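Raw contents of coords_0.txt, compact mmCIF, C-alpha atoms and all ligand atoms:
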```
# COMPACT_ATOMS: atom_id res chain seq x y z
CA MET I 282 -72.63 15.36 -79.39
CA ASN I 283 -69.44 15.34 -77.32
CA LEU I 284 -66.10 13.97 -78.29
CA SER I 285 -65.04 12.09 -75.18
CA GLN I 286 -61.70 10.71 -74.14
CA VAL I 287 -62.44 7.16 -73.07
CA THR I 288 -59.64 5.36 -71.24
CA TYR I 289 -59.94 1.65 -72.02
CA ILE I 290 -58.54 -0.27 -69.05
CA TRP I 291 -57.72 -3.98 -69.12
CA ILE I 292 -55.88 -6.64 -67.16
CA ASP I 293 -52.80 -8.06 -68.87
CA GLY I 294 -51.14 -11.48 -68.93
CA SER I 295 -48.26 -10.76 -66.54
CA SER I 296 -47.38 -13.74 -64.37
CA PRO I 297 -47.64 -14.58 -61.52
CA THR I 298 -49.48 -11.29 -60.84
CA GLN I 299 -51.58 -9.63 -63.54
CA THR I 300 -51.23 -5.87 -63.93
CA LEU I 301 -53.26 -3.08 -65.51
CA ARG I 302 -52.90 -1.53 -68.96
CA SER I 303 -54.82 1.32 -70.55
CA LYS I 304 -55.03 3.42 -73.69
CA THR I 305 -57.31 6.19 -74.83
CA LYS I 306 -59.87 6.27 -77.63
CA ILE I 307 -61.83 9.33 -78.76
CA VAL I 308 -65.49 8.33 -78.84
CA PRO I 309 -68.45 10.47 -79.96
CA LEU I 310 -71.03 10.31 -77.16
CA PHE I 311 -74.43 11.91 -77.09
CA GLU I 312 -75.60 13.80 -74.05
CA LYS I 313 -78.49 11.44 -73.37
CA ALA I 314 -77.84 8.91 -70.63
CA VAL I 315 -74.71 7.07 -71.73
CA THR I 316 -74.92 3.27 -71.57
CA LEU I 317 -72.36 0.48 -71.99
CA LYS I 318 -73.49 -0.01 -75.60
CA ASP I 319 -72.15 3.44 -76.47
CA PHE I 320 -68.59 2.22 -75.94
CA PRO I 321 -67.41 0.29 -79.01
CA GLN I 322 -65.15 -2.73 -78.93
CA TRP I 323 -61.49 -1.95 -79.58
CA ASN I 324 -58.31 -3.95 -79.96
CA PHE I 325 -54.69 -3.98 -78.83
CA ASP I 326 -51.35 -5.66 -79.38
CA GLY I 327 -51.43 -8.73 -77.16
CA SER I 328 -47.80 -9.55 -77.96
CA SER I 329 -46.78 -6.55 -75.84
CA THR I 330 -48.86 -7.55 -72.80
CA TYR I 331 -47.93 -11.27 -72.44
CA GLN I 332 -51.26 -12.21 -74.01
CA ALA I 333 -50.40 -13.27 -77.58
CA ALA I 334 -47.58 -14.21 -79.96
CA GLY I 335 -46.34 -11.57 -82.42
CA HIS I 336 -47.60 -13.33 -85.55
CA ASP I 337 -51.20 -13.35 -84.28
CA SER I 338 -51.35 -10.51 -81.81
CA ASP I 339 -54.70 -8.69 -82.13
CA LEU I 340 -56.97 -9.12 -79.12
CA THR I 341 -60.34 -7.51 -78.46
CA LEU I 342 -61.28 -5.08 -75.68
CA GLN I 343 -64.92 -5.42 -74.68
CA PRO I 344 -66.06 -2.64 -72.30
CA VAL I 345 -67.97 -4.15 -69.36
CA CYS I 346 -68.10 -1.36 -66.76
CA PHE I 347 -67.73 2.40 -67.19
CA VAL I 348 -67.49 5.39 -64.86
CA GLN I 349 -66.97 9.12 -65.33
CA ASP I 350 -63.28 9.95 -65.45
CA PRO I 351 -62.63 11.82 -62.18
CA ILE I 352 -59.24 13.07 -63.37
CA LEU I 353 -60.03 14.41 -66.85
CA GLY I 354 -63.55 15.39 -65.82
CA GLN I 355 -66.64 15.60 -68.04
CA PRO I 356 -67.36 14.38 -70.68
CA ASN I 357 -64.62 11.76 -70.33
CA TYR I 358 -64.90 8.17 -69.11
CA LEU I 359 -62.97 5.18 -67.83
CA ALA I 360 -64.08 1.91 -69.41
CA LEU I 361 -62.98 -1.34 -67.78
CA CYS I 362 -62.77 -4.10 -70.39
CA GLU I 363 -62.73 -7.86 -70.69
CA VAL I 364 -60.09 -9.27 -73.05
CA LEU I 365 -61.52 -11.51 -75.79
CA ASN I 366 -59.90 -13.74 -78.42
CA PRO I 367 -60.52 -12.84 -82.08
CA ASP I 368 -63.40 -15.40 -82.12
CA GLY I 369 -65.12 -13.60 -79.24
CA THR I 370 -64.39 -16.20 -76.55
CA PRO I 371 -62.79 -15.03 -73.27
CA HIS I 372 -58.98 -14.87 -73.36
CA ILE I 373 -57.26 -17.24 -70.93
CA SER I 374 -56.13 -14.23 -68.83
CA ASN I 375 -59.74 -13.02 -68.50
CA LYS I 376 -60.77 -14.13 -65.00
CA ARG I 377 -63.89 -11.97 -64.98
CA ALA I 378 -65.57 -14.20 -67.54
CA HIS I 379 -65.28 -17.15 -65.13
CA LEU I 380 -66.84 -15.14 -62.29
CA VAL I 381 -69.73 -14.18 -64.58
CA LYS I 382 -70.30 -17.88 -65.36
CA VAL I 383 -70.15 -18.86 -61.68
CA MET I 384 -72.71 -16.18 -60.84
CA GLU I 385 -75.05 -17.46 -63.58
CA HIS I 386 -75.02 -20.91 -62.01
CA ILE I 387 -75.99 -20.01 -58.46
CA ALA I 388 -79.55 -19.38 -57.34
CA LYS I 389 -80.41 -15.66 -57.46
CA SER I 390 -81.96 -16.10 -54.01
CA GLN I 391 -78.50 -16.54 -52.42
CA ASP I 392 -77.71 -12.91 -53.29
CA PRO I 393 -74.00 -12.81 -52.30
CA TRP I 394 -72.46 -9.50 -51.23
CA ILE I 395 -68.78 -8.77 -51.02
CA GLY I 396 -66.42 -6.14 -49.61
CA PHE I 397 -62.64 -6.00 -50.14
CA GLU I 398 -60.06 -4.34 -47.87
CA GLN I 399 -57.28 -3.52 -50.32
CA GLU I 400 -53.97 -2.92 -48.54
CA TYR I 401 -51.02 -1.48 -50.43
CA THR I 402 -47.59 0.01 -49.83
CA LEU I 403 -46.45 3.34 -51.24
CA PHE I 404 -42.92 3.41 -52.62
CA ASN I 405 -40.56 6.24 -53.41
CA GLY I 406 -38.01 4.47 -55.62
CA GLN I 407 -36.77 1.34 -53.85
CA GLN I 408 -37.85 2.36 -50.33
CA PRO I 409 -41.33 2.47 -48.81
CA LEU I 410 -42.51 6.07 -48.59
CA GLY I 411 -41.30 7.82 -45.43
CA TRP I 412 -38.54 5.29 -44.72
CA PRO I 413 -34.96 6.51 -44.23
CA ASP I 414 -32.54 5.99 -47.16
CA ARG I 415 -30.66 3.45 -45.07
CA GLY I 416 -31.92 1.29 -42.25
CA TYR I 417 -35.42 1.23 -40.85
CA PRO I 418 -38.00 3.51 -39.26
CA ALA I 419 -39.02 3.10 -35.61
CA PRO I 420 -40.68 -0.25 -34.85
CA GLN I 421 -44.36 -0.74 -35.66
CA GLY I 422 -46.83 0.62 -33.15
CA PRO I 423 -47.68 4.27 -33.75
CA PHE I 424 -48.45 4.12 -37.46
CA TYR I 425 -51.83 2.32 -37.73
CA CYS I 426 -54.50 5.01 -38.11
CA GLY I 427 -51.87 7.53 -37.01
CA VAL I 428 -51.81 11.26 -37.55
CA GLY I 429 -48.84 13.60 -37.83
CA ALA I 430 -45.87 14.08 -40.11
CA ASP I 431 -43.74 11.49 -38.29
CA GLU I 432 -46.48 8.82 -38.27
CA VAL I 433 -48.06 8.77 -41.72
CA PHE I 434 -46.65 9.20 -45.19
CA GLY I 435 -48.49 9.94 -48.42
CA ARG I 436 -51.81 11.18 -47.08
CA HIS I 437 -52.12 13.78 -49.87
CA LEU I 438 -52.16 11.00 -52.46
CA VAL I 439 -54.44 8.78 -50.36
CA GLU I 440 -57.02 11.54 -49.90
CA GLN I 441 -56.92 12.50 -53.55
CA HIS I 442 -57.47 8.84 -54.43
CA ALA I 443 -60.46 8.61 -52.08
CA GLN I 444 -62.02 11.70 -53.66
CA ALA I 445 -61.41 10.32 -57.16
CA CYS I 446 -63.18 7.08 -56.20
CA MET I 447 -66.11 9.13 -54.86
CA ASP I 448 -66.27 11.27 -58.00
CA ALA I 449 -66.32 8.12 -60.13
CA ASN I 450 -69.17 6.70 -58.01
CA LEU I 451 -67.13 3.67 -56.98
CA MET I 452 -68.36 1.86 -53.87
CA LEU I 453 -65.62 3.21 -51.62
CA TYR I 454 -66.32 2.22 -48.00
CA GLY I 455 -63.37 3.87 -46.23
CA ILE I 456 -59.60 4.33 -45.93
CA ASN I 457 -57.00 3.96 -43.17
CA ALA I 458 -53.26 4.12 -42.55
CA GLU I 459 -51.83 0.67 -41.83
CA VAL I 460 -49.50 -0.91 -39.27
CA MET I 461 -46.33 -0.64 -41.37
CA PRO I 462 -45.28 2.95 -42.15
CA GLY I 463 -46.05 3.80 -45.79
CA GLN I 464 -48.78 1.15 -45.91
CA TRP I 465 -52.43 2.06 -46.41
CA GLU I 466 -55.81 0.44 -47.02
CA PHE I 467 -58.97 1.32 -48.86
CA GLN I 468 -62.17 -0.71 -48.75
CA ILE I 469 -64.48 -1.21 -51.70
CA GLY I 470 -67.81 -2.99 -51.58
CA TYR I 471 -70.93 -3.30 -49.48
CA ARG I 472 -71.59 -0.18 -47.46
CA GLY I 473 -75.19 -0.44 -46.40
CA ILE I 474 -76.67 1.83 -49.05
CA GLU I 475 -79.99 0.36 -50.17
CA THR I 476 -79.85 1.52 -53.77
CA GLU I 477 -76.45 -0.11 -54.37
CA SER I 478 -75.78 -3.67 -55.39
CA ALA I 479 -72.72 -5.20 -53.70
CA ASP I 480 -72.80 -8.20 -56.02
CA PRO I 481 -69.37 -9.73 -56.60
CA ILE I 482 -69.02 -8.70 -60.26
CA THR I 483 -69.74 -5.01 -59.63
CA VAL I 484 -67.52 -4.86 -56.55
CA CYS I 485 -64.60 -6.56 -58.34
CA ASP I 486 -64.96 -4.19 -61.30
CA HIS I 487 -64.89 -1.25 -58.90
CA LEU I 488 -61.80 -2.56 -57.16
CA TRP I 489 -59.89 -2.83 -60.43
CA ILE I 490 -60.87 0.72 -61.42
CA ALA I 491 -59.88 1.97 -57.94
CA ARG I 492 -56.49 0.28 -58.32
CA TRP I 493 -56.03 2.00 -61.69
CA LEU I 494 -56.87 5.39 -60.16
CA LEU I 495 -54.33 4.83 -57.38
CA TYR I 496 -51.51 4.07 -59.83
CA ARG I 497 -52.56 6.92 -62.10
CA LEU I 498 -52.65 9.51 -59.31
CA GLY I 499 -49.32 8.22 -58.00
CA GLU I 500 -47.82 9.38 -61.31
CA GLU I 501 -48.52 12.97 -60.23
CA TYR I 502 -46.22 12.54 -57.22
CA GLY I 503 -43.64 10.07 -58.48
CA ILE I 504 -45.00 7.60 -55.91
CA SER I 505 -45.86 4.01 -56.85
CA ALA I 506 -48.35 1.83 -55.03
CA LYS I 507 -47.28 -1.81 -54.78
CA LEU I 508 -49.42 -4.82 -53.94
CA HIS I 509 -46.70 -7.28 -52.90
CA PRO I 510 -48.00 -9.25 -49.88
CA LYS I 511 -44.71 -8.91 -47.95
CA PRO I 512 -42.96 -5.80 -49.23
CA VAL I 513 -40.37 -5.80 -46.41
CA LYS I 514 -39.13 -9.02 -44.82
CA GLY I 515 -38.79 -9.24 -41.06
CA ASP I 516 -40.87 -7.72 -38.30
CA TRP I 517 -43.12 -5.70 -40.58
CA ASN I 518 -46.74 -6.39 -41.43
CA GLY I 519 -47.55 -7.75 -44.85
CA ALA I 520 -50.28 -6.44 -47.14
CA GLY I 521 -53.50 -8.38 -47.51
CA LYS I 522 -56.85 -8.15 -49.16
CA HIS I 523 -59.28 -9.28 -46.47
CA THR I 524 -62.46 -10.32 -48.24
CA ASN I 525 -65.79 -9.89 -46.48
CA PHE I 526 -68.61 -12.07 -47.75
CA SER I 527 -72.25 -12.74 -47.00
CA THR I 528 -75.28 -14.41 -48.50
CA LYS I 529 -78.93 -13.73 -47.85
CA ALA I 530 -79.01 -16.70 -45.46
CA MET I 531 -75.99 -15.36 -43.53
CA ARG I 532 -77.67 -11.95 -43.23
CA ASP I 533 -80.94 -13.42 -41.91
CA PRO I 534 -81.56 -12.10 -38.35
CA LYS I 535 -83.31 -15.39 -37.46
CA ASN I 536 -80.47 -17.87 -37.93
CA GLY I 537 -77.74 -16.18 -39.99
CA ILE I 538 -75.01 -17.48 -37.69
CA ASP I 539 -75.84 -21.09 -38.68
CA ALA I 540 -75.26 -20.23 -42.34
CA ILE I 541 -72.00 -18.45 -41.39
CA ASN I 542 -70.76 -21.51 -39.49
CA LYS I 543 -71.75 -23.75 -42.39
CA ALA I 544 -69.86 -21.50 -44.80
CA ILE I 545 -66.76 -21.72 -42.59
CA LYS I 546 -66.92 -25.55 -42.67
CA ALA I 547 -67.10 -25.41 -46.48
CA LEU I 548 -64.13 -23.03 -46.60
CA GLU I 549 -62.10 -25.30 -44.31
CA ALA I 550 -62.69 -28.29 -46.58
CA ARG I 551 -61.25 -26.41 -49.59
CA HIS I 552 -58.43 -24.48 -47.86
CA LYS I 553 -55.75 -25.53 -50.36
CA GLU I 554 -57.82 -24.64 -53.44
CA HIS I 555 -58.46 -21.20 -52.01
CA ILE I 556 -54.82 -20.59 -51.13
CA ALA I 557 -53.91 -21.47 -54.73
CA VAL I 558 -55.76 -18.41 -56.09
CA TYR I 559 -55.16 -15.99 -53.22
CA GLY I 560 -52.06 -14.40 -54.80
CA SER I 561 -48.37 -15.17 -55.36
CA ASP I 562 -45.76 -15.12 -52.56
CA LEU I 563 -48.60 -15.63 -50.09
CA GLU I 564 -46.46 -17.93 -47.92
CA LEU I 565 -44.25 -14.93 -47.10
CA ARG I 566 -47.24 -13.19 -45.49
CA LEU I 567 -49.28 -16.05 -43.99
CA THR I 568 -46.73 -17.00 -41.33
CA GLY I 569 -48.85 -17.11 -38.19
CA LYS I 570 -47.39 -13.74 -37.11
CA HIS I 571 -48.41 -10.15 -37.88
CA GLU I 572 -52.17 -10.77 -37.66
CA THR I 573 -52.20 -13.85 -39.90
CA ALA I 574 -52.72 -17.59 -39.57
CA SER I 575 -50.12 -19.97 -41.04
CA ILE I 576 -50.71 -20.85 -44.69
CA HIS I 577 -50.70 -24.53 -43.67
CA GLN I 578 -53.57 -24.22 -41.21
CA PHE I 579 -57.21 -23.23 -41.29
CA ILE I 580 -58.33 -21.44 -38.14
CA ALA I 581 -61.67 -19.70 -37.63
CA GLY I 582 -62.60 -17.51 -34.70
CA VAL I 583 -64.71 -14.67 -33.37
CA GLY I 584 -62.81 -11.38 -33.39
CA ASN I 585 -59.56 -13.32 -33.96
CA ARG I 586 -57.12 -11.44 -36.18
CA GLY I 587 -54.75 -14.41 -36.09
CA ALA I 588 -57.34 -16.57 -37.84
CA SER I 589 -57.80 -17.58 -41.48
CA VAL I 590 -61.46 -16.61 -41.24
CA ARG I 591 -62.79 -14.18 -38.65
CA ILE I 592 -66.36 -13.68 -37.53
CA PRO I 593 -66.40 -9.99 -36.58
CA ARG I 594 -67.37 -9.52 -32.91
CA PRO I 595 -70.49 -7.43 -33.76
CA VAL I 596 -71.65 -10.20 -36.11
CA ALA I 597 -71.28 -12.84 -33.38
CA SER I 598 -73.14 -10.63 -30.90
CA LYS I 599 -76.05 -9.98 -33.28
CA GLY I 600 -76.11 -13.56 -34.53
CA TYR I 601 -76.06 -12.74 -38.24
CA GLY I 602 -74.12 -10.77 -40.87
CA TYR I 603 -70.94 -11.74 -42.73
CA LEU I 604 -67.56 -13.40 -42.44
CA GLU I 605 -64.07 -12.09 -43.18
CA ASP I 606 -61.65 -14.27 -45.15
CA ARG I 607 -58.26 -12.91 -44.03
CA ARG I 608 -56.15 -15.11 -46.30
CA PRO I 609 -56.06 -13.32 -49.69
CA GLY I 610 -52.89 -11.34 -50.39
CA ALA I 611 -52.98 -7.72 -51.55
CA ASN I 612 -51.94 -8.88 -55.03
CA ALA I 613 -54.72 -11.45 -55.50
CA ASN I 614 -57.04 -10.99 -58.47
CA PRO I 615 -60.44 -10.08 -56.95
CA TYR I 616 -62.30 -11.92 -59.73
CA GLU I 617 -60.57 -15.17 -58.72
CA VAL I 618 -61.10 -14.60 -54.99
CA ALA I 619 -64.79 -13.79 -55.49
CA ALA I 620 -65.38 -16.71 -57.84
CA ILE I 621 -63.98 -19.35 -55.49
CA LEU I 622 -65.84 -17.88 -52.49
CA VAL I 623 -69.11 -18.07 -54.41
CA GLU I 624 -68.31 -21.59 -55.66
CA THR I 625 -67.39 -22.88 -52.21
CA ILE I 626 -69.99 -21.14 -50.06
CA CYS I 627 -72.97 -20.87 -52.41
CA GLY I 628 -72.16 -24.22 -54.04
CA ASP I 629 -72.17 -25.92 -50.61
CA ALA I 630 -75.43 -24.22 -49.64
CA GLU I 631 -77.11 -25.58 -52.77
CA LYS I 632 -76.09 -29.19 -52.04
P1 LIG S 701 -61.70 -4.56 -40.48
O1 LIG S 701 -62.31 -4.38 -39.13
O2 LIG S 701 -61.46 -5.99 -40.80
O3 LIG S 701 -60.50 -3.69 -40.72
P2 LIG S 701 -63.03 -2.74 -42.38
O4 LIG S 701 -63.75 -1.73 -41.54
O5 LIG S 701 -61.73 -2.32 -42.97
O6 LIG S 701 -62.87 -4.10 -41.52
O7 LIG S 701 -63.94 -3.19 -43.59
C1 LIG S 701 -65.20 -3.79 -43.42
C2 LIG S 701 -65.54 -4.50 -44.70
O8 LIG S 701 -66.67 -5.33 -44.51
C3 LIG S 701 -65.86 -3.59 -45.89
O9 LIG S 701 -65.13 -4.02 -47.01
C4 LIG S 701 -67.37 -3.82 -46.10
O10 LIG S 701 -67.72 -3.66 -47.46
C5 LIG S 701 -67.52 -5.24 -45.64
N1 LIG S 701 -68.88 -5.64 -45.22
C6 LIG S 701 -69.63 -5.12 -44.24
N2 LIG S 701 -70.83 -5.74 -44.14
C7 LIG S 701 -70.84 -6.70 -45.10
C8 LIG S 701 -71.78 -7.70 -45.51
N3 LIG S 701 -72.98 -7.86 -44.92
N4 LIG S 701 -71.44 -8.52 -46.55
C9 LIG S 701 -70.25 -8.40 -47.13
N5 LIG S 701 -69.32 -7.49 -46.79
C10 LIG S 701 -69.60 -6.65 -45.79
MN MN S 702 -59.72 -2.99 -42.57
MN MN S 703 -55.99 -3.69 -42.79
MN MN S 704 -59.96 -6.80 -42.05
```
For this file, produce the structure as structure tokens.
Ligand code: ADP
Ligand code: MN
Ligand code: MN
Ligand code: MN
Amino acid sequence: MNLSQVTYIWIDGSSPTQTLRSKTKIVPLFEKAVTLKDFPQWNFDGSSTYQAAGHDSDLTLQPVCFVQDPILGQPNYLALCEVLNPDGTPHISNKRAHLVKVMEHIAKSQDPWIGFEQEYTLFNGQQPLGWPDRGYPAPQGPFYCGVGADEVFGRHLVEQHAQACMDANLMLYGINAEVMPGQWEFQIGYRGIETESADPITVCDHLWIARWLLYRLGEEYGISAKLHPKPVKGDWNGAGKHTNFSTKAMRDPKNGIDAINKAIKALEARHKEHIAVYGSDLELRLTGKHETASIHQFIAGVGNRGASVRIPRPVASKGYGYLEDRRPGANANPYEVAAILVETICGDAEK
């Protein structure tokens, strides 16, 4: 038997953007293959996380996804949790429970896959990392996928984060430096590995754990990662969470493109409902400039980075694959984004 440090991670009730909380429990674990059942329920003080009133504050943590802790090493774990009310029902802040329900109601044969591009901005105090104390860096241009001490800032943290995601067996797809200096992106989700399931619940769980690891590793450097969709006003790119989505029909080499076009029609019809759950302050980012479409319009196009939804050029050429919803902000809750995509696209396909 090992005594393991298990970090219980959950999503709080902060508004308008939910944030992460965690605390550690010592759990006896046996060396046989550890399963979810080995992690007991726990509780916390919901009155300190905007999730309960002080007179009735105990809420339940139900582990739903665990990985090896890449920072503390073996035999320690990270356990992502759903927040439950004392009667066992999902707490109102628990958006994962809704996604689980949505997934139960669609035909298994639709088999949706998802991939998120999580952009974020590193901050040193009040300024983005690498920015001068006063004023601004050189205009955007050389920073995207740049290399060199005057082009990119924070690579040590970014690389350590990527390795931590790998060590935790998260579905990390890649990383890149972004257009605005101090801004970066990592992708989590489908990566073409046959033994992996890129189902929306697993991918969303992985994204939340990857976010936690980024914040946690930032502590080592005094650097904070922020998900605001427009961290600096003016001629600077915002931070998004492009969401790539496919169903079995969309991936069908025979006529996948028809299913993709049908999905885009369904997305267009529910533009406003989608925008409503794509993150706060989204109007600051979706301006029609800086590789976005206006929040008031729905535009779809092949290879068009000024569109709401883009069909990647290679997908159009092959005639099947996936679509990219470019609207979600970096701060959107992936459970909410995934749930409405499944509702709109898979729901429409079942009509
Ligand atoms: P971009 O060119 O928009 O910057 P990236 O290279 O950053 O794209 O990311 C590609 C994304 O597409 C990844 O998140 C990956 O998981 C996702 N993806 C690739 N194929 C599929 C697919 N068939 N279904 C869903 N997502 C996919
Ligand atoms: Mn990308
Ligand atoms: Mn990007
Ligand atoms: Mn993209």
Do you have, as a tab-separated table, the list of residues of stretch 431-490 of chain I lying at most 12 Å from stretch 511-515 of chain I, each with its nearest atom pair and that distance in Å to one decimal, counting all atoms listed in the file and ordered by chain then number?
```
residue	atom	partner	partner_atom	distance
I:Met461	CA	I:Val513	CA	9.4
I:Pro462	CA	I:Val513	CA	10.9
I:Gly463	CA	I:Pro512	CA	10.7
I:Gln464	CA	I:Pro512	CA	9.7
```
>> Using all atoms listed in the file, which residues of the polymer chains come no farther than 9 Å from ligand MN 703 (chain S)? I'd like the answer as JSON, numbers by chain.
In response: {"I": [398, 399, 400, 425, 457, 458, 459, 460, 465, 466, 467, 520, 521, 522, 523]}
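Take atom CA of I:Val308 and atom CA of I:Val381: the distance between them is 27.0 Å.
A distance search around ligand LIG 701 (chain S) (7 Å at most, all atoms listed in the file) returns the following protein and nucleic acid residues: Trp394, Ile395, Gly396, Phe397, Glu398, Tyr454, Gln468, Ile469, Gly470, Tyr471, Arg472, His523, Thr524, Asn525, Phe526, Ser527, Arg532, Gly602 and Tyr603 of chain I.
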> Near I:Leu451, counting only C-alpha atoms, which residues have an atom at most 7 Å away, once you skip same-chain residues fewer than 4 positions from it, shown as an NGL selection string?
Replying inline: :I and (446-447 or 487)
